[in-house]
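As provided, model-v5.txt (compact mmCIF, C-alpha atoms) reads as follows.
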# COMPACT_ATOMS: atom_id res chain seq x y z
CA MET F 1 16.91 106.63 60.13
CA SER F 2 19.73 104.18 59.55
CA PRO F 3 19.26 101.90 56.56
CA PRO F 4 17.91 98.41 57.21
CA GLY F 5 20.22 95.46 57.55
CA ARG F 6 23.28 97.13 58.93
CA ARG F 7 23.76 99.28 61.98
CA PHE F 8 26.92 100.50 63.48
CA PRO F 9 26.86 100.19 67.30
CA THR F 10 28.53 102.97 69.27
CA GLY F 11 30.77 100.47 71.02
CA ASP F 12 32.26 99.68 67.63
CA VAL F 13 32.87 103.36 66.91
CA ALA F 14 35.01 103.43 70.05
CA ARG F 15 36.88 100.21 69.22
CA VAL F 16 37.57 101.28 65.66
CA SER F 17 38.94 104.68 66.66
CA VAL F 18 41.05 103.33 69.50
CA PHE F 19 42.61 100.74 67.16
CA ALA F 20 43.25 103.34 64.47
CA ALA F 21 45.01 105.33 67.20
CA LEU F 22 46.91 102.22 68.31
CA ILE F 23 48.29 101.71 64.79
CA ALA F 24 49.39 105.35 64.80
CA VAL F 25 51.01 105.05 68.25
CA LEU F 26 52.96 101.95 67.21
CA GLY F 27 54.67 104.14 64.62
CA LEU F 28 55.74 106.81 67.08
CA PRO F 29 59.48 106.91 67.67
CA GLY F 30 60.30 105.24 70.95
CA ALA F 31 56.87 103.67 71.33
CA LEU F 32 58.54 100.31 71.37
CA ASN F 33 62.23 99.71 71.75
CA VAL F 34 63.34 96.28 70.70
CA PHE F 35 66.60 95.12 72.25
CA GLY F 36 67.05 98.16 74.41
CA ASN F 37 67.28 100.91 71.86
CA ALA F 38 69.52 99.33 69.26
CA VAL F 39 67.03 98.42 66.57
CA PRO F 40 64.46 101.08 65.77
CA ILE F 41 61.59 99.05 64.43
CA THR F 42 58.31 100.60 63.46
CA LEU F 43 55.46 98.34 64.18
CA GLN F 44 52.64 99.85 62.18
CA THR F 45 52.04 96.78 60.03
CA PHE F 46 52.09 94.82 63.28
CA GLY F 47 49.31 97.13 64.48
CA VAL F 48 47.37 96.53 61.27
CA MET F 49 47.65 92.75 61.79
CA LEU F 50 46.44 93.08 65.39
CA ALA F 51 43.49 95.19 64.25
CA GLY F 52 42.55 92.47 61.78
CA ALA F 53 42.83 89.63 64.28
CA ILE F 54 40.92 91.43 67.03
CA LEU F 55 38.35 93.63 65.31
CA GLY F 56 37.30 91.29 62.50
CA THR F 57 36.84 92.00 58.79
CA TRP F 58 34.79 95.19 58.54
CA ARG F 59 35.83 96.99 61.69
CA ALA F 60 39.51 96.35 60.96
CA ALA F 61 39.18 97.71 57.42
CA LEU F 62 37.35 100.72 58.80
CA ALA F 63 40.04 101.37 61.41
CA VAL F 64 42.69 101.37 58.69
CA ALA F 65 40.52 103.59 56.46
CA VAL F 66 40.07 106.10 59.28
CA LEU F 67 43.81 106.23 59.85
CA LEU F 68 44.52 106.71 56.15
CA VAL F 69 41.94 109.50 55.89
CA LEU F 70 43.58 111.33 58.79
CA VAL F 71 46.99 110.84 57.18
CA ALA F 72 45.66 112.20 53.88
CA ALA F 73 44.22 115.15 55.77
CA GLY F 74 47.77 116.00 56.83
CA LEU F 75 48.24 114.55 60.31
CA PRO F 76 51.71 113.04 60.83
CA LEU F 77 50.46 109.65 62.01
CA LEU F 78 52.67 107.32 59.98
CA ALA F 79 55.99 105.94 61.21
CA GLY F 80 58.64 108.61 61.51
CA GLY F 81 56.04 111.36 61.67
CA ARG F 82 55.15 111.04 58.00
CA GLY F 83 51.79 112.18 56.74
CA GLY F 84 50.06 114.36 54.22
CA LEU F 85 49.23 113.64 50.63
CA GLY F 86 52.88 113.07 49.74
CA VAL F 87 52.79 109.51 51.05
CA PHE F 88 49.98 108.73 48.62
CA ALA F 89 52.00 110.03 45.68
CA GLY F 90 55.13 108.21 46.79
CA PRO F 91 56.42 104.77 45.84
CA SER F 92 55.13 103.02 48.98
CA VAL F 93 51.50 103.98 48.41
CA GLY F 94 50.52 100.40 47.59
CA PHE F 95 51.85 99.12 50.89
CA LEU F 96 49.60 101.65 52.65
CA ILE F 97 46.50 100.97 50.56
CA GLY F 98 47.20 97.25 51.01
CA TRP F 99 46.72 97.62 54.78
CA LEU F 100 43.00 97.91 54.14
CA PRO F 101 42.35 94.58 52.35
CA GLY F 102 45.18 93.05 54.39
CA ALA F 103 43.46 93.76 57.70
CA ALA F 104 40.13 92.64 56.24
CA VAL F 105 41.57 89.30 55.07
CA ILE F 106 43.14 88.68 58.49
CA GLY F 107 39.80 89.44 60.11
CA TRP F 108 37.99 87.13 57.74
CA ILE F 109 40.32 84.18 58.40
CA VAL F 110 40.21 84.72 62.17
CA GLU F 111 36.41 85.00 62.17
CA ARG F 112 36.22 81.60 60.48
CA GLY F 113 37.97 80.23 63.59
CA GLY F 114 34.90 80.76 65.76
CA ARG F 115 35.07 81.45 69.47
CA ASN F 116 38.59 80.21 70.00
CA PRO F 117 40.89 80.80 67.01
CA GLY F 118 44.10 78.84 67.50
CA ILE F 119 47.65 80.09 67.14
CA VAL F 120 48.11 78.32 63.79
CA ARG F 121 45.06 80.04 62.32
CA LEU F 122 46.21 83.41 63.68
CA LEU F 123 49.66 82.87 62.18
CA ILE F 124 48.27 81.88 58.79
CA ALA F 125 45.95 84.89 58.87
CA CYS F 126 48.75 87.33 59.72
CA VAL F 127 51.11 85.96 57.08
CA ALA F 128 48.45 85.76 54.35
CA GLY F 129 46.80 89.11 55.05
CA GLY F 130 49.59 91.08 56.68
CA VAL F 131 52.35 90.06 54.29
CA GLY F 132 50.76 88.40 51.22
CA VAL F 133 47.90 90.78 50.55
CA ILE F 134 49.90 93.90 51.44
CA TYR F 135 52.72 92.91 49.04
CA LEU F 136 50.12 92.02 46.42
CA PHE F 137 49.05 95.68 46.43
CA GLY F 138 52.42 97.19 47.28
CA ILE F 139 54.63 95.74 44.58
CA PRO F 140 52.44 96.44 41.50
CA LEU F 141 51.71 100.00 42.66
CA GLN F 142 55.39 100.57 43.31
CA ALA F 143 56.10 99.35 39.79
CA ALA F 144 53.42 101.66 38.41
CA VAL F 145 54.66 104.73 40.29
CA THR F 146 58.34 104.21 39.51
CA GLY F 147 58.12 102.69 36.05
CA LEU F 148 60.13 99.65 37.15
CA THR F 149 59.11 96.21 35.96
CA LEU F 150 57.21 94.03 38.43
CA GLY F 151 60.22 91.80 38.96
CA LYS F 152 62.55 94.66 39.83
CA ALA F 153 59.99 96.24 42.14
CA ALA F 154 59.70 92.87 43.88
CA VAL F 155 63.47 92.74 44.34
CA LEU F 156 63.40 96.24 45.82
CA SER F 157 60.71 95.16 48.31
CA ALA F 158 62.28 91.81 49.21
CA VAL F 159 64.54 93.59 51.73
CA PHE F 160 61.54 94.10 53.99
CA LEU F 161 60.24 90.55 53.74
CA PRO F 162 62.10 88.99 56.71
CA GLY F 163 61.07 91.83 59.00
CA ASP F 164 57.45 91.62 57.91
CA VAL F 165 57.30 87.86 58.43
CA ALA F 166 58.79 88.38 61.91
CA LYS F 167 56.08 90.96 62.62
CA ALA F 168 53.42 88.50 61.49
CA VAL F 169 54.73 85.84 63.88
CA LEU F 170 54.84 88.39 66.68
CA ALA F 171 51.37 89.69 65.88
CA SER F 172 49.84 86.23 66.02
CA LEU F 173 51.51 85.55 69.40
CA VAL F 174 50.30 88.88 70.78
CA ALA F 175 46.79 88.41 69.37
CA ARG F 176 46.63 84.97 70.96
CA GLY F 177 47.84 86.34 74.30
CA THR F 178 45.34 89.18 74.16
CA GLN F 179 42.44 86.92 73.29
CA ARG F 180 43.24 84.63 76.20
CA ALA F 181 43.49 87.52 78.62
CA TYR F 182 40.40 89.29 77.25
CA PRO F 183 38.01 86.86 75.51
CA ASP F 184 36.01 89.75 74.09
CA ALA F 185 38.99 90.40 71.82
CA VAL F 186 37.89 87.45 69.66
CA PRO F 187 35.76 88.89 66.80
CA SER F 188 33.11 86.14 67.02
CA VAL F 189 32.77 86.43 70.81
CA HIS F 190 32.42 90.19 70.54
CA ARG F 191 29.75 89.91 67.88
CA GLU F 192 27.75 87.43 69.95
CA ARG F 193 27.94 89.70 72.96
CA ILE F 194 26.77 92.73 70.97
CA ARG F 195 23.91 90.68 69.60
CA ALA F 196 22.94 89.34 73.04
CA ALA F 197 22.93 92.88 74.38
CA GLY F 198 20.42 93.81 71.69
CA GLY F 199 22.93 96.03 69.97
CA ARG F 200 21.44 95.36 66.58
CA MET J 1 49.71 117.20 66.94
CA THR J 2 49.80 120.08 64.51
CA GLY J 3 50.16 118.54 61.07
CA TYR J 4 52.24 120.23 58.40
CA TYR J 5 50.14 123.29 57.59
CA VAL J 6 52.20 126.43 57.07
CA PRO J 7 50.02 129.52 57.60
CA GLY J 8 49.96 131.98 54.75
CA ASP J 9 47.80 134.09 52.49
CA SER J 10 48.96 133.04 49.02
CA LEU J 11 46.71 132.11 46.13
CA LEU J 12 47.34 128.45 46.95
CA HIS J 13 46.29 128.94 50.57
CA ARG J 14 43.03 130.52 49.48
CA LEU J 15 42.00 127.86 46.97
CA PRO J 16 39.45 125.38 48.36
CA ALA J 17 40.78 121.95 49.34
CA GLY J 18 38.74 120.16 46.68
CA ALA J 19 40.17 122.32 43.88
CA LYS J 20 43.72 121.65 45.04
CA LEU J 21 43.14 117.90 45.21
CA LEU J 22 41.64 117.93 41.72
CA GLY J 23 44.62 119.90 40.41
CA LEU J 24 46.99 117.43 42.05
CA ALA J 25 45.21 114.48 40.46
CA VAL J 26 45.23 116.13 37.02
CA LEU J 27 48.92 117.06 37.15
CA CYS J 28 50.00 113.63 38.40
CA THR J 29 48.00 111.94 35.62
CA LEU J 30 49.50 114.25 32.98
CA LEU J 31 52.95 113.39 34.29
CA LEU J 32 52.26 109.68 33.77
CA LEU J 33 50.67 110.19 30.35
CA PHE J 34 53.60 112.08 28.84
CA PRO J 35 56.67 109.86 29.05
CA SER J 36 58.89 112.32 27.15
CA PRO J 37 61.94 113.50 29.13
CA LEU J 38 60.82 117.08 28.57
CA ALA J 39 57.71 116.65 30.74
CA PRO J 40 59.55 116.34 34.08
CA VAL J 41 61.61 119.42 33.21
CA VAL J 42 58.45 121.46 32.62
CA ALA J 43 56.93 119.97 35.78
CA VAL J 44 59.97 120.79 37.92
CA VAL J 45 59.79 124.42 36.83
CA LEU J 46 56.04 124.48 37.48
CA VAL J 47 56.29 122.86 40.92
CA ALA J 48 59.22 125.06 41.93
CA SER J 49 57.34 128.22 40.96
CA LEU J 50 54.23 127.00 42.80
CA TYR J 51 56.37 126.55 45.91
CA VAL J 52 57.71 130.10 45.48
CA VAL J 53 54.16 131.45 45.06
CA SER J 54 53.00 129.62 48.18
CA GLY J 55 55.85 131.09 50.24
CA VAL J 56 56.11 128.06 52.57
CA GLY J 57 59.89 128.29 52.69
CA PHE J 58 62.64 125.84 51.94
CA THR J 59 62.63 123.91 55.23
CA ALA J 60 58.97 122.97 54.92
CA ALA J 61 59.47 121.95 51.28
CA TRP J 62 62.46 119.75 52.10
CA ALA J 63 60.55 118.08 54.94
CA GLN J 64 58.05 116.85 52.36
CA ILE J 65 60.65 115.30 50.04
CA ARG J 66 63.11 114.09 52.69
CA PRO J 67 61.29 110.78 53.50
CA ILE J 68 61.78 109.43 49.96
CA ARG J 69 65.39 110.56 49.44
CA TRP J 70 66.96 107.11 49.89
CA PHE J 71 64.30 105.49 47.80
CA ALA J 72 64.96 108.01 45.04
CA VAL J 73 68.69 107.19 45.14
CA ALA J 74 68.01 103.45 44.99
CA LEU J 75 65.53 103.87 42.14
CA PHE J 76 67.91 106.07 40.18
CA ALA J 77 70.78 103.58 40.58
CA MET J 78 68.61 100.65 39.62
CA GLN J 79 67.14 102.35 36.54
CA TRP J 80 70.56 103.53 35.46
CA ALA J 81 71.91 99.99 35.72
CA PHE J 82 69.00 98.41 33.85
CA VAL J 83 67.79 101.11 31.43
CA ASP J 84 69.85 104.22 30.78
CA LEU J 85 70.77 107.52 32.37
CA LEU J 86 67.97 109.51 30.74
CA GLY J 87 65.29 106.98 31.66
CA ALA J 88 66.61 106.83 35.21
CA ALA J 89 66.54 110.61 35.56
CA THR J 90 63.04 110.86 34.07
CA SER J 91 61.36 108.26 36.22
CA THR J 92 63.10 109.36 39.42
CA ALA J 93 62.15 112.96 38.73
CA ARG J 94 58.55 111.91 38.16
CA VAL J 95 58.30 110.28 41.60
CA VAL J 96 59.95 113.20 43.37
CA ILE J 97 57.73 115.74 41.56
CA ALA J 98 54.54 113.88 42.45
CA VAL J 99 55.56 113.74 46.12
CA ALA J 100 56.56 117.41 46.14
CA LEU J 101 53.30 118.47 44.54
CA ALA J 102 51.19 116.43 46.96
CA GLY J 103 53.24 117.84 49.80
CA LEU J 104 52.47 121.35 48.60
CA VAL J 105 48.73 120.68 48.88
CA THR J 106 49.26 119.44 52.43
CA LEU J 107 51.42 122.45 53.33
CA THR J 108 48.87 124.99 52.13
CA THR J 109 45.66 123.35 53.36
CA ARG J 110 44.46 123.42 56.94
CA THR J 111 43.94 119.92 58.39
CA THR J 112 40.39 120.88 59.36
CA ALA J 113 39.57 122.01 55.81
CA MET J 114 41.01 118.81 54.34
CA MET J 115 39.14 116.70 56.89
CA ALA J 116 35.85 118.46 56.11
CA PHE J 117 36.40 117.78 52.41
CA LEU J 118 37.28 114.11 52.95
CA GLU J 119 34.25 113.72 55.21
CA ARG J 120 32.05 114.99 52.39
CA CYS J 121 33.70 112.51 50.01
CA LEU J 122 32.97 109.70 52.46
CA ALA J 123 29.28 110.56 52.70
CA PRO J 124 28.28 107.41 50.73
CA ALA J 125 29.44 105.42 53.79
CA ARG J 126 25.95 106.03 55.22
CA PHE J 127 24.79 103.09 53.11
CA VAL J 128 26.72 100.75 55.43
CA GLY J 129 25.29 102.38 58.54
CA LEU J 130 27.86 105.13 58.99
CA ASP J 131 25.85 108.32 58.95
CA PRO J 132 27.80 111.60 58.66
CA PHE J 133 27.56 112.16 62.42
CA ARG J 134 29.11 108.77 63.26
CA LEU J 135 31.76 109.30 60.64
CA SER J 136 32.91 112.62 62.06
CA LEU J 137 32.69 111.15 65.57
CA LEU J 138 34.94 108.33 64.38
CA LEU J 139 37.52 110.74 62.95
CA SER J 140 37.60 113.13 65.89
CA LEU J 141 37.59 110.28 68.41
CA THR J 142 40.63 108.79 66.67
CA VAL J 143 42.53 112.08 66.82
CA ARG J 144 41.67 112.29 70.51
CA SER J 145 42.64 108.65 71.12
CA VAL J 146 46.20 108.98 69.83
CA PRO J 147 47.52 110.77 72.95
CA VAL J 148 45.44 108.48 75.18
CA VAL J 149 46.89 105.31 73.64
CA ALA J 150 50.37 106.85 73.68
CA GLY J 151 49.85 107.41 77.41
CA LEU J 152 48.83 103.78 77.85
CA ALA J 153 51.99 102.73 75.99
CA THR J 154 54.16 104.81 78.31
CA ARG J 155 52.50 103.28 81.36
CA VAL J 156 52.95 99.74 80.09
CA ARG J 157 56.60 100.42 79.29
CA GLU J 158 57.21 101.74 82.79
CA ALA J 159 55.55 98.68 84.29
CA GLN J 160 57.72 96.53 82.04
CA ARG J 161 60.85 98.28 83.23
CA ALA J 162 59.80 97.73 86.83
CA ARG J 163 59.34 94.03 86.16
CA GLY J 164 62.69 93.81 84.38
CA VAL J 165 61.26 92.41 81.13
CA GLU J 166 62.16 95.37 78.97
CA TRP J 167 63.29 93.18 76.10
CA SER J 168 60.13 91.25 75.55
CA VAL J 169 57.88 92.59 72.80
CA ARG J 170 55.11 90.32 73.99
CA ALA J 171 55.27 91.68 77.52
CA PHE J 172 54.78 95.12 75.99
CA ALA J 173 52.16 94.50 73.35
CA VAL J 174 49.73 92.19 75.16
CA PRO J 175 49.09 94.56 78.09
CA LEU J 176 48.99 97.51 75.70
CA VAL J 177 46.37 95.93 73.46
CA VAL J 178 44.32 94.70 76.43
CA SER J 179 44.33 98.12 78.08
CA ALA J 180 43.50 99.79 74.75
CA LEU J 181 40.52 97.42 74.38
CA ARG J 182 39.39 98.07 77.96
CA HIS J 183 39.60 101.79 77.30
CA ALA J 184 37.67 101.42 74.02
CA ASP J 185 34.91 99.37 75.60
CA ALA J 186 34.53 101.79 78.51
CA LEU J 187 34.42 104.63 76.00
CA GLY J 188 31.77 102.81 73.99
CA GLU J 189 29.65 102.31 77.10
CA ALA J 190 30.04 105.96 78.02
CA LEU J 191 28.90 106.95 74.53
CA SER J 192 25.84 104.73 74.61
CA ALA J 193 25.01 105.92 78.12
CA ARG J 194 24.81 109.39 76.62
CA GLY J 195 22.27 108.16 74.10
CA LEU J 196 24.48 107.88 71.02
CA ASP J 197 22.95 104.53 70.12
CA ASP J 198 19.67 106.31 69.21
Here is the file; what I need is its structure written in the form of structure tokens.
Amino acid sequence: MSPPGRRFPTGDVARVSVFAALIAVLGLPGALNVFGNAVPITLQTFGVMLAGAILGTWRAALAVAVLLVLVAAGLPLLAGGRGGLGVFAGPSVGFLIGWLPGAAVIGWIVERGGRNPGIVRLLIACVAGGVGVIYLFGIPLQAAVTGLTLGKAAVLSAVFLPGDVAKAVLASLVARGTQRAYPDAVPSVHRERIRAAGGR
Amino acid sequence: MTGYYVPGDSLLHRLPAGAKLLGLAVLCTLLLLFPSPLAPVVAVVLVASLYVVSGVGFTAAWAQIRPIRWFAVALFAMQWAFVDLLGAATSTARVVIAVALAGLVTLTTRTTAMMAFLERCLAPARFVGLDPFRLSLLLSLTVRSVPVVAGLATRVREAQRARGVEWSVRAFAVPLVVSALRHADALGEALSARGLDD
């Protein structure tokens, strides 16, 4: 019944939905208080980076897609309880859409690292996918929506750059910690295990 | 988790989700195609009257626009500095109108109706092994997982407080992600035990 070549194991359905939920939870107010309660930081892009580093290319992109579909359907799952179609008409639409290729690129780079991706690879992946790719989509779409030139849109977005780089550093540290505590969190290890279990 | 839907019986409430999305896409495109300063004026009147017809009330309408208010101010100031007052007003109005219009679709469409429509749109995903059943399982499982993962986050934070490492992001995120993965893998096993793997 399913087409040849590709099957989608049930275990992956669970992982993808739980990670989509994790990205949503990281945007809830008070989910994470940095420095006591002084700096309210939303960590949704951090969640997207973690999804990429742990789920691998396709599952990470799917987790982000599922989250975006639920947001479009009107659930308030984005940081600050935002949701609905308004966010897709707004100026930051590109930064949301960019999550999808961003997570996929992170997954791709991490998968190339085999069974034990090092911290340097994780860091490069998070910066390239989680900051580079997301800005690559975010800035031009912001320019298109607002009618600003690319350069001015870039200036407007530069404010968020330090925070996003910090999130990428943090995400790579957390991904590394997770993968050491739970080896099945490495995309390649997980795939081998699924294959060995006859999951496909 | 209730979403933004405001119950009602207006014409907008009764239109099918697909029709409203199509209308939204058409209006937003028109807005981009006509750069004349008159277009936003016409659009503002149109959107305002649509809001009146829908009867969702002012509070709900403001909640849709509120998230972009600071961005709109920054955009207006920047455009005014670099272009002119008219251009600044036009392009700022265009962004606000698009957001308001999209918000109106969200306010007048039940989340379940929108989800059913999006699921139909995603039907081609079956070519990568995601049949419609798995797709709707994926969506509903995610909705169900949000409170579960939020519960895990609360537990981890309490443990963190007990250990006195409240300030460490790493001490929060690593256990959270590991417990989320454990939960996901147990859930996956439970699903296959019930024969969902065919």
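The interatomic distance for the pair atom CA of F:Pro183 and atom CA of F:Lys167 works out to 22.6 Å.
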Can you check which parts of chain J lie within 6 Å of chain F? Per residue, the shortest pair of atoms and distance in Å to one decimal, counting only C-alpha atoms, sorted by chain and number, as JSON lines.
{"residue": "J:Gly3", "atom": "CA", "partner": "F:Leu75", "partner_atom": "CA", "distance": 4.5}
{"residue": "J:Ala98", "atom": "CA", "partner": "F:Ala89", "partner_atom": "CA", "distance": 5.6}
{"residue": "J:Val99", "atom": "CA", "partner": "F:Gly86", "partner_atom": "CA", "distance": 4.6}
{"residue": "J:Ala102", "atom": "CA", "partner": "F:Gly86", "partner_atom": "CA", "distance": 4.7}
{"residue": "J:Gly103", "atom": "CA", "partner": "F:Gly86", "partner_atom": "CA", "distance": 4.8}
{"residue": "J:Thr106", "atom": "CA", "partner": "F:Gly84", "partner_atom": "CA", "distance": 5.4}
{"residue": "J:Thr111", "atom": "CA", "partner": "F:Ala73", "partner_atom": "CA", "distance": 5.4}
{"residue": "J:Met114", "atom": "CA", "partner": "F:Ala73", "partner_atom": "CA", "distance": 5.1}
{"residue": "J:Met115", "atom": "CA", "partner": "F:Ala73", "partner_atom": "CA", "distance": 5.4}
{"residue": "J:Gly129", "atom": "CA", "partner": "F:Arg7", "partner_atom": "CA", "distance": 4.9}
{"residue": "J:Leu138", "atom": "CA", "partner": "F:Ser17", "partner_atom": "CA", "distance": 5.9}
{"residue": "J:Thr142", "atom": "CA", "partner": "F:Ser17", "partner_atom": "CA", "distance": 4.4}
{"residue": "J:Ser145", "atom": "CA", "partner": "F:Ala21", "partner_atom": "CA", "distance": 5.7}
{"residue": "J:Val146", "atom": "CA", "partner": "F:Ala21", "partner_atom": "CA", "distance": 4.7}
{"residue": "J:Ala150", "atom": "CA", "partner": "F:Val25", "partner_atom": "CA", "distance": 5.8}
{"residue": "J:Trp167", "atom": "CA", "partner": "F:Phe35", "partner_atom": "CA", "distance": 5.4}
{"residue": "J:Arg170", "atom": "CA", "partner": "F:Val174", "partner_atom": "CA", "distance": 6.0}
{"residue": "J:Val174", "atom": "CA", "partner": "F:Thr178", "partner_atom": "CA", "distance": 5.4}
{"residue": "J:Ala184", "atom": "CA", "partner": "F:Arg15", "partner_atom": "CA", "distance": 5.0}
{"residue": "J:Gly188", "atom": "CA", "partner": "F:Gly11", "partner_atom": "CA", "distance": 3.9}
{"residue": "J:Asp197", "atom": "CA", "partner": "F:Thr10", "partner_atom": "CA", "distance": 5.9}
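One finds atom CA of J:Ala48 at 20.8 Å from atom CA of J:Ala88.
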Checklist entry - Need the neighbours of (64.2, 109.9, 38.1): which residues are at most 12 Å away, counting only C-alpha atoms, as a VMD selection string? => result (chain F and resid 145 to 148) or (chain J and resid 35 37 39 to 41 44 69 71 to 80 83 to 98)
Checklist entry - Taking (30.5, 95.5, 56.1) in the file's coordinates, which residues come within 12 Å, counting only C-alpha atoms, written as a ChimeraX atom specification? => result /F:5-8,56-62,104,107-108 /J:125-130
Around stretch 24-31 of chain J, with edges along x, y and z and 8 Å added on all six sides, what centre and edge lengths do you get, in Å to one decimal, as AutoDock Vina command-line options?
--center_x 49.1 --center_y 114.7 --center_z 37.5 --size_x 23.7 --size_y 21.5 --size_z 25.1
Next on the checklist: I want to know what sits within 12 Å of F:Ile134, based on all atoms listed in the file, with residues of the same chain fewer than 5 positions away left out; could you give that as a PyMOL selection string?
Outcome noted: chain F and resi 45+48-49+92-106+126-129+139-142+157+160-161+164-165+168
Checklist outcome for this item: In Å and to one decimal, atom CA of F:Leu78 is distant from atom CA of J:Ile68 by 13.7 Å
Item to check | Residue nearest F:Ala125 - candidates F:Pro162, F:Gly151, F:Pro187, F:Gly52, atoms counted: only C-alpha atoms | outcome: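 Counting only C-alpha atoms, the residue closest to F:Ala125 is F:Gly52.
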Show me, as a PDB file with C-alpha atoms, in the coordinates of the input, the residues that have an atom within 12 Å of F:Gly118 when counting only C-alpha atoms, minus same-chain residues fewer than 2 positions from it.
ATOM      1  CA  ALA F  53      42.830  89.630  64.280  1.00  0.00           C
ATOM      2  CA  ILE F 109      40.320  84.180  58.400  1.00  0.00           C
ATOM      3  CA  VAL F 110      40.210  84.720  62.170  1.00  0.00           C
ATOM      4  CA  GLU F 111      36.410  85.000  62.170  1.00  0.00           C
ATOM      5  CA  ARG F 112      36.220  81.600  60.480  1.00  0.00           C
ATOM      6  CA  GLY F 113      37.970  80.230  63.590  1.00  0.00           C
ATOM      7  CA  GLY F 114      34.900  80.760  65.760  1.00  0.00           C
ATOM      8  CA  ARG F 115      35.070  81.450  69.470  1.00  0.00           C
ATOM      9  CA  ASN F 116      38.590  80.210  70.000  1.00  0.00           C
ATOM     10  CA  VAL F 120      48.110  78.320  63.790  1.00  0.00           C
ATOM     11  CA  ARG F 121      45.060  80.040  62.320  1.00  0.00           C
ATOM     12  CA  LEU F 122      46.210  83.410  63.680  1.00  0.00           C
ATOM     13  CA  LEU F 123      49.660  82.870  62.180  1.00  0.00           C
ATOM     14  CA  ILE F 124      48.270  81.880  58.790  1.00  0.00           C
ATOM     15  CA  ALA F 125      45.950  84.890  58.870  1.00  0.00           C
ATOM     16  CA  SER F 172      49.840  86.230  66.020  1.00  0.00           C
ATOM     17  CA  LEU F 173      51.510  85.550  69.400  1.00  0.00           C
ATOM     18  CA  ALA F 175      46.790  88.410  69.370  1.00  0.00           C
ATOM     19  CA  ARG F 176      46.630  84.970  70.960  1.00  0.00           C
ATOM     20  CA  GLY F 177      47.840  86.340  74.300  1.00  0.00           C
ATOM     21  CA  GLN F 179      42.440  86.920  73.290  1.00  0.00           C
ATOM     22  CA  ARG F 180      43.240  84.630  76.200  1.00  0.00           C
ATOM     23  CA  VAL F 186      37.890  87.450  69.660  1.00  0.00           C
TER      24      VAL F 186
END
Please rebuild stretch 45-56 of chain J with N, CA and C atoms and return the result as an mmCIF file, in the coordinates of the input.
data_model
loop_
_atom_site.group_PDB
_atom_site.id
_atom_site.type_symbol
_atom_site.label_atom_id
_atom_site.label_comp_id
_atom_site.auth_asym_id
_atom_site.auth_seq_id
_atom_site.Cartn_x
_atom_site.Cartn_y
_atom_site.Cartn_z
ATOM 1 N N VAL J 45 59.902 122.963 36.829
ATOM 2 C CA VAL J 45 59.790 124.420 36.830
ATOM 3 C C VAL J 45 58.452 124.844 37.425
ATOM 4 N N LEU J 46 57.386 124.147 37.002
ATOM 5 C CA LEU J 46 56.040 124.480 37.480
ATOM 6 C C LEU J 46 55.941 124.306 38.993
ATOM 7 N N VAL J 47 56.396 123.136 39.485
ATOM 8 C CA VAL J 47 56.290 122.860 40.920
ATOM 9 C C VAL J 47 57.128 123.840 41.721
ATOM 10 N N ALA J 48 58.345 124.125 41.220
ATOM 11 C CA ALA J 48 59.220 125.060 41.930
ATOM 12 C C ALA J 48 58.562 126.436 42.014
ATOM 13 N N SER J 49 57.943 126.885 40.900
ATOM 14 C CA SER J 49 57.340 128.220 40.960
ATOM 15 C C SER J 49 56.102 128.207 41.859
ATOM 16 N N LEU J 50 55.374 127.090 41.883
ATOM 17 C CA LEU J 50 54.230 127.000 42.800
ATOM 18 C C LEU J 50 54.697 127.111 44.256
ATOM 19 N N TYR J 51 55.825 126.461 44.553
ATOM 20 C CA TYR J 51 56.370 126.550 45.910
ATOM 21 C C TYR J 51 56.740 127.987 46.243
ATOM 22 N N VAL J 52 57.338 128.703 45.251
ATOM 23 C CA VAL J 52 57.710 130.100 45.480
ATOM 24 C C VAL J 52 56.451 130.930 45.735
ATOM 25 N N VAL J 53 55.412 130.709 44.900
ATOM 26 C CA VAL J 53 54.160 131.450 45.060
ATOM 27 C C VAL J 53 53.564 131.205 46.454
ATOM 28 N N SER J 54 53.632 129.953 46.906
ATOM 29 C CA SER J 54 53.000 129.620 48.180
ATOM 30 C C SER J 54 53.755 130.235 49.356
ATOM 31 N N GLY J 55 55.065 130.464 49.179
ATOM 32 C CA GLY J 55 55.850 131.090 50.240
ATOM 33 C C GLY J 55 55.973 130.255 51.507
ATOM 34 N N VAL J 56 56.021 128.900 51.365
ATOM 35 C CA VAL J 56 56.110 128.060 52.570
ATOM 36 C C VAL J 56 57.546 127.958 53.075
#
